[in-house]
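Notes follow the structure.
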Amino acid sequence: MTKEKDTKLLVIIPAYNEEKTIQDVISKIPKQINGINKINCLVIDDGSTDNTAQIAKNCGAIVIKHHKNEGVGTVLSNGFKYALKNKYDIITNIDADNQFNPKEIKELITPIIEKKADFVVGNRFKNGKPKNMSTIKYWGNNLMSRLISNLIGENFQDVSCGFRAYNKKALLHLNLFGRFTYTQEMFLNLKFKNLNIKQIPIGVQYFKERQSKIAGNIFKYTWNTLNIIIRSFVYYKPLRFFGYPGIFFLIMGFFFFTFLIIHKIITKQYTPYKIFGFFGGALFVLGIILILFGLVADILDKIRRNQEEILYLEKRKNYYEE
């Protein structure tokens with residue numbers, strides 16, 4: 001077990017053309033936190049064309065620079081790899097645009113220090129819609145939170161916040177595949193692995209003149225996010241994903257067949273509902289195919305879970321065990 005005096009915290013800041021705010025964000029990161037022996041800041045410059053990287057270096061941050069914009073999902077994956085390689089115990093990520101207050105890192109990581117959570121997420125909506133946040137984005141975030149909460153069976157008010165913290169267990173379990181975003185995928189990834197997730201209220205400020213680099217186009221953002229969620233649900237709950245529609249189509253096929261048979265008994269003929277037989281047969285076959293898909297995918301899911309557990313143990317051995 002890592003001794004308290006040896007606990008290391010890494011603050012990861014994804015940045016893309018944030019030369020106006022990056023210095024202020026880095027300067028507000030706490031220098032000392034009870035229970036933490038060492039605090040480092042890692043800025044990952046995701047293909048900026050301004051002086052973001054140089055300013056971050058001048059502020060004493062560790063800087064990794066991408067030569068092109070690869071997306072925040074890739075940025076976080078690279079940041080986590082750096083954290084694993086350098087044996088950090090707690091990791092937090094915060095945006096570079098000054099929307100969040102780095103001084104709240106202490107409150108964010110407290111549940112992890114107290115061993116009450118593996119993964120902690122900031123909640124921007126404890127007191128309703130934040131000032132200057134567009135109604136469309138607020139509505140979209142609430143809708144996404146309800147969807148994720150229904151998928152994982154636990155209520156979360158804000159699943160898209162970019163201010164979050166992780167312990168070693170969460171870091172070792174994370175396997176992210178989304179290049180575009182990571183926020184909702186992370187909830188699904190960790191909750192389906194039975195890790196403990198907590199939310200704490202945080203402050204946030206929105207600037208009227210600034211446009212989100214991630215969610216600037218609300219339709220594109222929603223499409224990409226839903227794509228990640230659907231793929232994740234297929235990945236983690238395949239029997240439910242394929243089985244429920246399969247059962248529905250079986251029932252509908254049985255309904256059409258039953259209606260046609262009853263009509264035949266009563267009228268002694270199939271017309272004018274002969275087409276119901278074709279509909280019923282097609283739906284029945286489709287239902288069986290989907291259920292078979294679900295059963296095969298469920299078997300593959302069990303194999304995947306075993307492989308991920310092996311991967312987790314290998315990562316723990318390679319990165320944290322002496």
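Just so we're on the same page: first chain in the structure tokens is A, next is B, and so on; residues restart at 1 for each chain, and ligands are numbered from 1 in the order they show up.
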
Members of range 83-303 of chain A assigned strand (DSSP E) by DSSP, as a PyMOL selection string: chain A and resi 90-93+119-123+164-167+197-201

Residues within 8 Å of range 90-106 of chain A, please, as a compact mmCIF listing (two decimals) with N, CA and C atoms, in the first residue's frame. Count only C-alpha atoms; anything in the same chain fewer than 3 positions from it doesn't count.
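What landed in around.txt:
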```txt
# COMPACT_ATOMS: atom_id res chain seq x y z
N THR A 7 2.10 9.82 -1.59
CA THR A 7 1.03 9.99 -2.56
C THR A 7 1.32 11.14 -3.53
N LYS A 8 1.20 10.83 -4.82
CA LYS A 8 1.49 11.82 -5.86
C LYS A 8 0.23 12.14 -6.65
N LEU A 9 0.04 13.43 -6.95
CA LEU A 9 -1.11 13.91 -7.72
C LEU A 9 -0.62 14.51 -9.03
N LEU A 10 -1.29 14.12 -10.12
CA LEU A 10 -1.01 14.70 -11.43
C LEU A 10 -2.25 15.43 -11.92
N VAL A 11 -2.09 16.70 -12.24
CA VAL A 11 -3.18 17.50 -12.80
C VAL A 11 -2.97 17.58 -14.31
N ILE A 12 -3.88 16.97 -15.08
CA ILE A 12 -3.78 16.96 -16.53
C ILE A 12 -4.65 18.07 -17.11
N ILE A 13 -4.06 18.90 -17.97
CA ILE A 13 -4.80 20.00 -18.60
C ILE A 13 -4.73 19.84 -20.12
N PRO A 14 -5.81 19.36 -20.77
CA PRO A 14 -5.85 19.36 -22.23
C PRO A 14 -5.96 20.81 -22.71
N ALA A 15 -5.20 21.19 -23.72
CA ALA A 15 -5.21 22.59 -24.17
C ALA A 15 -5.12 22.68 -25.68
N GLU A 18 -4.99 27.99 -26.07
CA GLU A 18 -5.45 28.60 -24.81
C GLU A 18 -4.39 29.51 -24.20
N THR A 21 -5.44 31.95 -21.31
CA THR A 21 -5.92 31.50 -20.00
C THR A 21 -5.02 30.47 -19.32
N ILE A 22 -4.12 29.82 -20.06
CA ILE A 22 -3.38 28.69 -19.51
C ILE A 22 -2.53 29.09 -18.30
N ASP A 24 -3.12 31.45 -16.07
CA ASP A 24 -3.99 31.67 -14.92
C ASP A 24 -4.45 30.34 -14.33
N VAL A 25 -4.77 29.38 -15.20
CA VAL A 25 -5.22 28.06 -14.72
C VAL A 25 -4.10 27.36 -13.95
N ILE A 26 -2.91 27.36 -14.51
CA ILE A 26 -1.77 26.69 -13.85
C ILE A 26 -1.45 27.35 -12.52
N LYS A 28 -3.33 28.75 -10.41
CA LYS A 28 -4.33 28.49 -9.37
C LYS A 28 -4.31 27.07 -8.84
N ILE A 29 -3.52 26.19 -9.45
CA ILE A 29 -3.44 24.82 -8.97
C ILE A 29 -2.81 24.82 -7.57
N PRO A 30 -3.44 24.18 -6.59
CA PRO A 30 -2.90 24.19 -5.22
C PRO A 30 -1.47 23.66 -5.17
N ILE A 33 -1.67 20.04 -0.61
CA ILE A 33 -2.95 19.45 -0.24
C ILE A 33 -2.67 18.39 0.81
N ALA A 83 0.63 9.17 -16.70
CA ALA A 83 0.41 9.00 -15.26
C ALA A 83 0.79 7.59 -14.80
N ILE A 109 -10.70 15.77 -5.00
CA ILE A 109 -9.96 14.54 -4.72
C ILE A 109 -10.16 14.03 -3.29
N THR A 110 -10.86 14.80 -2.45
CA THR A 110 -11.06 14.37 -1.06
C THR A 110 -11.74 13.01 -0.94
N ILE A 112 -11.47 10.53 -2.85
CA ILE A 112 -10.47 9.53 -3.22
C ILE A 112 -9.45 9.36 -2.09
N GLY A 162 -15.98 18.31 -17.50
CA GLY A 162 -14.57 18.02 -17.80
C GLY A 162 -13.64 18.19 -16.61
N PHE A 163 -14.20 18.28 -15.41
CA PHE A 163 -13.41 18.43 -14.18
C PHE A 163 -13.64 17.18 -13.34
N ARG A 164 -12.67 16.28 -13.30
CA ARG A 164 -12.85 14.98 -12.65
C ARG A 164 -11.54 14.44 -12.09
N ALA A 165 -11.66 13.44 -11.22
CA ALA A 165 -10.48 12.87 -10.56
C ALA A 165 -10.59 11.36 -10.50
N TYR A 166 -9.43 10.68 -10.45
CA TYR A 166 -9.36 9.22 -10.52
C TYR A 166 -8.30 8.71 -9.55
N ASN A 167 -8.56 7.53 -8.98
CA ASN A 167 -7.48 6.86 -8.25
C ASN A 167 -6.79 5.86 -9.16
N LYS A 168 -5.81 5.15 -8.62
CA LYS A 168 -5.05 4.20 -9.44
C LYS A 168 -5.94 3.10 -10.00
N ILE A 202 -19.56 21.77 -7.95
CA ILE A 202 -18.43 22.65 -8.24
C ILE A 202 -18.96 23.95 -8.84
N GLY A 203 -18.10 24.97 -8.82
CA GLY A 203 -18.43 26.21 -9.49
C GLY A 203 -17.99 26.17 -10.95
N VAL A 204 -18.65 26.94 -11.79
CA VAL A 204 -18.28 27.01 -13.20
C VAL A 204 -18.68 28.39 -13.71
N GLN A 205 -17.89 28.94 -14.61
CA GLN A 205 -18.24 30.22 -15.22
C GLN A 205 -18.18 30.09 -16.74
N TYR A 206 -19.23 30.57 -17.39
CA TYR A 206 -19.29 30.55 -18.85
C TYR A 206 -19.14 31.97 -19.37
```

Residues of range 125-291 of chain A in helix (DSSP H, G or I), written as a PyMOL selection string: chain A and resi 135-152+168-173+183-191+218-236+238-267+274-291

Grab the residues selected above and save them as an mmCIF file, in the first residue's frame with C-alpha atoms.
```
data_model
loop_
_atom_site.group_PDB
_atom_site.id
_atom_site.type_symbol
_atom_site.label_atom_id
_atom_site.label_comp_id
_atom_site.auth_asym_id
_atom_site.auth_seq_id
_atom_site.Cartn_x
_atom_site.Cartn_y
_atom_site.Cartn_z
ATOM 1 C CA THR A 135 -30.421 26.754 -22.699
ATOM 2 C CA ILE A 136 -29.828 24.279 -25.543
ATOM 3 C CA LYS A 137 -26.568 23.028 -24.006
ATOM 4 C CA TYR A 138 -28.156 22.852 -20.555
ATOM 5 C CA TRP A 139 -31.072 20.851 -21.950
ATOM 6 C CA GLY A 140 -28.685 18.606 -23.900
ATOM 7 C CA ASN A 141 -26.579 17.911 -20.814
ATOM 8 C CA ASN A 142 -29.651 17.034 -18.754
ATOM 9 C CA LEU A 143 -30.936 14.708 -21.460
ATOM 10 C CA MET A 144 -27.550 12.999 -21.724
ATOM 11 C CA SER A 145 -27.345 12.628 -17.930
ATOM 12 C CA ARG A 146 -30.762 10.966 -17.822
ATOM 13 C CA LEU A 147 -29.781 8.596 -20.626
ATOM 14 C CA ILE A 148 -26.512 7.563 -18.969
ATOM 15 C CA SER A 149 -28.221 7.229 -15.579
ATOM 16 C CA ASN A 150 -30.841 4.908 -17.084
ATOM 17 C CA LEU A 151 -28.171 2.809 -18.803
ATOM 18 C CA ILE A 152 -26.086 2.249 -15.675
ATOM 19 C CA LYS A 168 -5.051 4.197 -9.439
ATOM 20 C CA LYS A 169 -7.747 1.536 -9.641
ATOM 21 C CA ALA A 170 -9.877 3.659 -11.983
ATOM 22 C CA LEU A 171 -6.859 4.571 -14.076
ATOM 23 C CA LEU A 172 -5.847 0.938 -14.481
ATOM 24 C CA HIS A 173 -9.382 -0.090 -15.440
ATOM 25 C CA THR A 183 -16.926 12.070 -20.722
ATOM 26 C CA GLN A 184 -19.932 9.753 -21.124
ATOM 27 C CA GLU A 185 -17.837 6.792 -22.262
ATOM 28 C CA MET A 186 -15.890 6.952 -19.002
ATOM 29 C CA PHE A 187 -19.052 6.627 -16.887
ATOM 30 C CA LEU A 188 -20.093 3.516 -18.803
ATOM 31 C CA ASN A 189 -16.595 2.030 -18.781
ATOM 32 C CA LEU A 190 -16.060 2.354 -15.027
ATOM 33 C CA LYS A 191 -19.590 1.752 -13.755
ATOM 34 C CA ILE A 218 -24.437 20.970 -30.720
ATOM 35 C CA PHE A 219 -25.736 18.616 -33.427
ATOM 36 C CA LYS A 220 -22.304 17.221 -34.262
ATOM 37 C CA TYR A 221 -21.510 16.884 -30.555
ATOM 38 C CA THR A 222 -24.776 15.037 -29.894
ATOM 39 C CA TRP A 223 -24.248 12.702 -32.856
ATOM 40 C CA ASN A 224 -20.691 11.798 -31.850
ATOM 41 C CA THR A 225 -21.636 11.376 -28.207
ATOM 42 C CA LEU A 226 -24.599 9.121 -29.011
ATOM 43 C CA ASN A 227 -22.333 7.074 -31.277
ATOM 44 C CA ILE A 228 -19.941 6.467 -28.385
ATOM 45 C CA ILE A 229 -22.789 5.611 -26.000
ATOM 46 C CA ILE A 230 -24.384 3.112 -28.397
ATOM 47 C CA ARG A 231 -21.052 1.425 -29.083
ATOM 48 C CA SER A 232 -20.289 1.275 -25.369
ATOM 49 C CA PHE A 233 -23.691 -0.230 -24.578
ATOM 50 C CA VAL A 234 -23.251 -2.851 -27.304
ATOM 51 C CA TYR A 235 -19.795 -3.496 -25.851
ATOM 52 C CA TYR A 236 -20.874 -3.917 -22.228
ATOM 53 C CA PRO A 238 -24.842 -6.937 -25.715
ATOM 54 C CA LEU A 239 -27.510 -9.439 -24.646
ATOM 55 C CA ARG A 240 -29.826 -6.638 -23.539
ATOM 56 C CA PHE A 241 -29.063 -4.532 -26.618
ATOM 57 C CA PHE A 242 -29.842 -7.308 -29.110
ATOM 58 C CA GLY A 243 -32.160 -9.458 -26.996
ATOM 59 C CA TYR A 244 -34.851 -6.908 -26.132
ATOM 60 C CA PRO A 245 -35.486 -5.899 -29.767
ATOM 61 C CA GLY A 246 -35.326 -9.587 -30.729
ATOM 62 C CA ILE A 247 -38.070 -10.465 -28.228
ATOM 63 C CA PHE A 248 -40.147 -7.510 -29.439
ATOM 64 C CA PHE A 249 -39.936 -8.689 -33.068
ATOM 65 C CA LEU A 250 -40.793 -12.261 -32.028
ATOM 66 C CA ILE A 251 -43.909 -11.013 -30.232
ATOM 67 C CA MET A 252 -44.924 -8.863 -33.203
ATOM 68 C CA GLY A 253 -44.387 -11.798 -35.588
ATOM 69 C CA PHE A 254 -46.493 -14.036 -33.338
ATOM 70 C CA PHE A 255 -49.208 -11.341 -33.257
ATOM 71 C CA PHE A 256 -49.415 -11.181 -37.069
ATOM 72 C CA PHE A 257 -49.497 -14.998 -37.358
ATOM 73 C CA THR A 258 -52.174 -15.292 -34.665
ATOM 74 C CA PHE A 259 -54.315 -12.611 -36.301
ATOM 75 C CA LEU A 260 -54.053 -14.383 -39.683
ATOM 76 C CA ILE A 261 -54.911 -17.799 -38.213
ATOM 77 C CA ILE A 262 -57.933 -16.430 -36.314
ATOM 78 C CA HIS A 263 -59.101 -14.672 -39.476
ATOM 79 C CA LYS A 264 -58.713 -17.958 -41.402
ATOM 80 C CA ILE A 265 -60.752 -19.889 -38.806
ATOM 81 C CA ILE A 266 -63.533 -17.327 -38.846
ATOM 82 C CA THR A 267 -63.714 -16.549 -42.598
ATOM 83 C CA LYS A 274 -52.381 -12.792 -46.515
ATOM 84 C CA ILE A 275 -49.588 -10.165 -46.343
ATOM 85 C CA PHE A 276 -49.710 -10.493 -42.535
ATOM 86 C CA GLY A 277 -48.208 -13.956 -42.939
ATOM 87 C CA PHE A 278 -45.193 -12.535 -44.746
ATOM 88 C CA PHE A 279 -44.825 -9.751 -42.160
ATOM 89 C CA GLY A 280 -45.107 -12.231 -39.327
ATOM 90 C CA GLY A 281 -42.543 -14.582 -40.849
ATOM 91 C CA ALA A 282 -40.064 -11.781 -41.525
ATOM 92 C CA LEU A 283 -40.410 -10.365 -38.009
ATOM 93 C CA PHE A 284 -40.126 -13.846 -36.479
ATOM 94 C CA VAL A 285 -36.897 -14.575 -38.373
ATOM 95 C CA LEU A 286 -35.494 -11.134 -37.532
ATOM 96 C CA GLY A 287 -36.258 -11.677 -33.853
ATOM 97 C CA ILE A 288 -34.493 -15.039 -33.813
ATOM 98 C CA ILE A 289 -31.447 -13.567 -35.589
ATOM 99 C CA LEU A 290 -31.196 -10.694 -33.076
ATOM 100 C CA ILE A 291 -31.496 -13.055 -30.116
#
```

Point-to-point distance in Å for CA of Ile44 in chain A and CA of Gly60 in chain A: 13.4 Å

Residues at most 10 Å from Ile64 in chain A, counting only C-alpha atoms, excluding those fewer than 4 positions away in the same chain, as a PDB file with N, CA and C atoms, in the first residue's frame?
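Listed below is the output, selection.pdb:
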```
ATOM      1  N   PRO A  14      -5.807  19.356 -20.770  1.00  0.00           N
ATOM      2  CA  PRO A  14      -5.845  19.362 -22.232  1.00  0.00           C
ATOM      3  C   PRO A  14      -5.959  20.809 -22.709  1.00  0.00           C
ATOM      4  N   LEU A  42       0.524  18.538 -15.838  1.00  0.00           N
ATOM      5  CA  LEU A  42       0.839  18.085 -17.190  1.00  0.00           C
ATOM      6  C   LEU A  42      -0.098  18.762 -18.177  1.00  0.00           C
ATOM      7  N   VAL A  43       0.452  19.587 -19.050  1.00  0.00           N
ATOM      8  CA  VAL A  43      -0.333  20.231 -20.098  1.00  0.00           C
ATOM      9  C   VAL A  43      -0.101  19.470 -21.401  1.00  0.00           C
ATOM     10  N   ILE A  44      -1.185  19.011 -22.010  1.00  0.00           N
ATOM     11  CA  ILE A  44      -1.085  18.340 -23.305  1.00  0.00           C
ATOM     12  C   ILE A  44      -1.640  19.285 -24.360  1.00  0.00           C
ATOM     13  N   ASP A  45      -0.721  19.862 -25.142  1.00  0.00           N
ATOM     14  CA  ASP A  45      -1.074  20.814 -26.189  1.00  0.00           C
ATOM     15  C   ASP A  45      -1.506  20.030 -27.426  1.00  0.00           C
ATOM     16  N   ASP A  46      -2.796  20.116 -27.735  1.00  0.00           N
ATOM     17  CA  ASP A  46      -3.353  19.286 -28.806  1.00  0.00           C
ATOM     18  C   ASP A  46      -3.319  20.005 -30.152  1.00  0.00           C
ATOM     19  N   ALA A  53       1.883  26.089 -25.507  1.00  0.00           N
ATOM     20  CA  ALA A  53       2.906  25.180 -24.984  1.00  0.00           C
ATOM     21  C   ALA A  53       4.034  25.938 -24.299  1.00  0.00           C
ATOM     22  N   LYS A  57       5.179  25.815 -20.320  1.00  0.00           N
ATOM     23  CA  LYS A  57       6.540  25.479 -19.884  1.00  0.00           C
ATOM     24  C   LYS A  57       7.102  26.554 -18.969  1.00  0.00           C
ATOM     25  N   VAL A  75      -6.197  12.916 -26.168  1.00  0.00           N
ATOM     26  CA  VAL A  75      -5.387  13.686 -25.216  1.00  0.00           C
ATOM     27  C   VAL A  75      -5.427  13.041 -23.839  1.00  0.00           C
ATOM     28  N   ASN A  78      -3.521   9.728 -23.642  1.00  0.00           N
ATOM     29  CA  ASN A  78      -2.078   9.937 -23.549  1.00  0.00           C
ATOM     30  C   ASN A  78      -1.677  10.440 -22.169  1.00  0.00           C
ATOM     31  N   GLY A  79      -2.523  11.272 -21.581  1.00  0.00           N
ATOM     32  CA  GLY A  79      -2.247  11.752 -20.232  1.00  0.00           C
ATOM     33  C   GLY A  79      -2.284  10.632 -19.215  1.00  0.00           C
ATOM     34  N   TYR A  82       0.868   8.591 -19.424  1.00  0.00           N
ATOM     35  CA  TYR A  82       1.966   9.280 -18.730  1.00  0.00           C
ATOM     36  C   TYR A  82       1.844   9.073 -17.224  1.00  0.00           C
TER      37      TYR A  82
END
```

Atomic distance CA of Arg316 in chain A - CA of Pro111 in chain A, expressed in Å with one decimal: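 A separation of 21.7 Å between them.
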
Point-to-point distance in Å for CA of Ile197 in chain A and CA of Met133 in chain A: 25.5 Å

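Minimum distance to Tyr319 in chain A across A:Asn86, A:Ser77, A:Asn51, A:Asn69 (counting only C-alpha atoms) occurs at A:Asn86.
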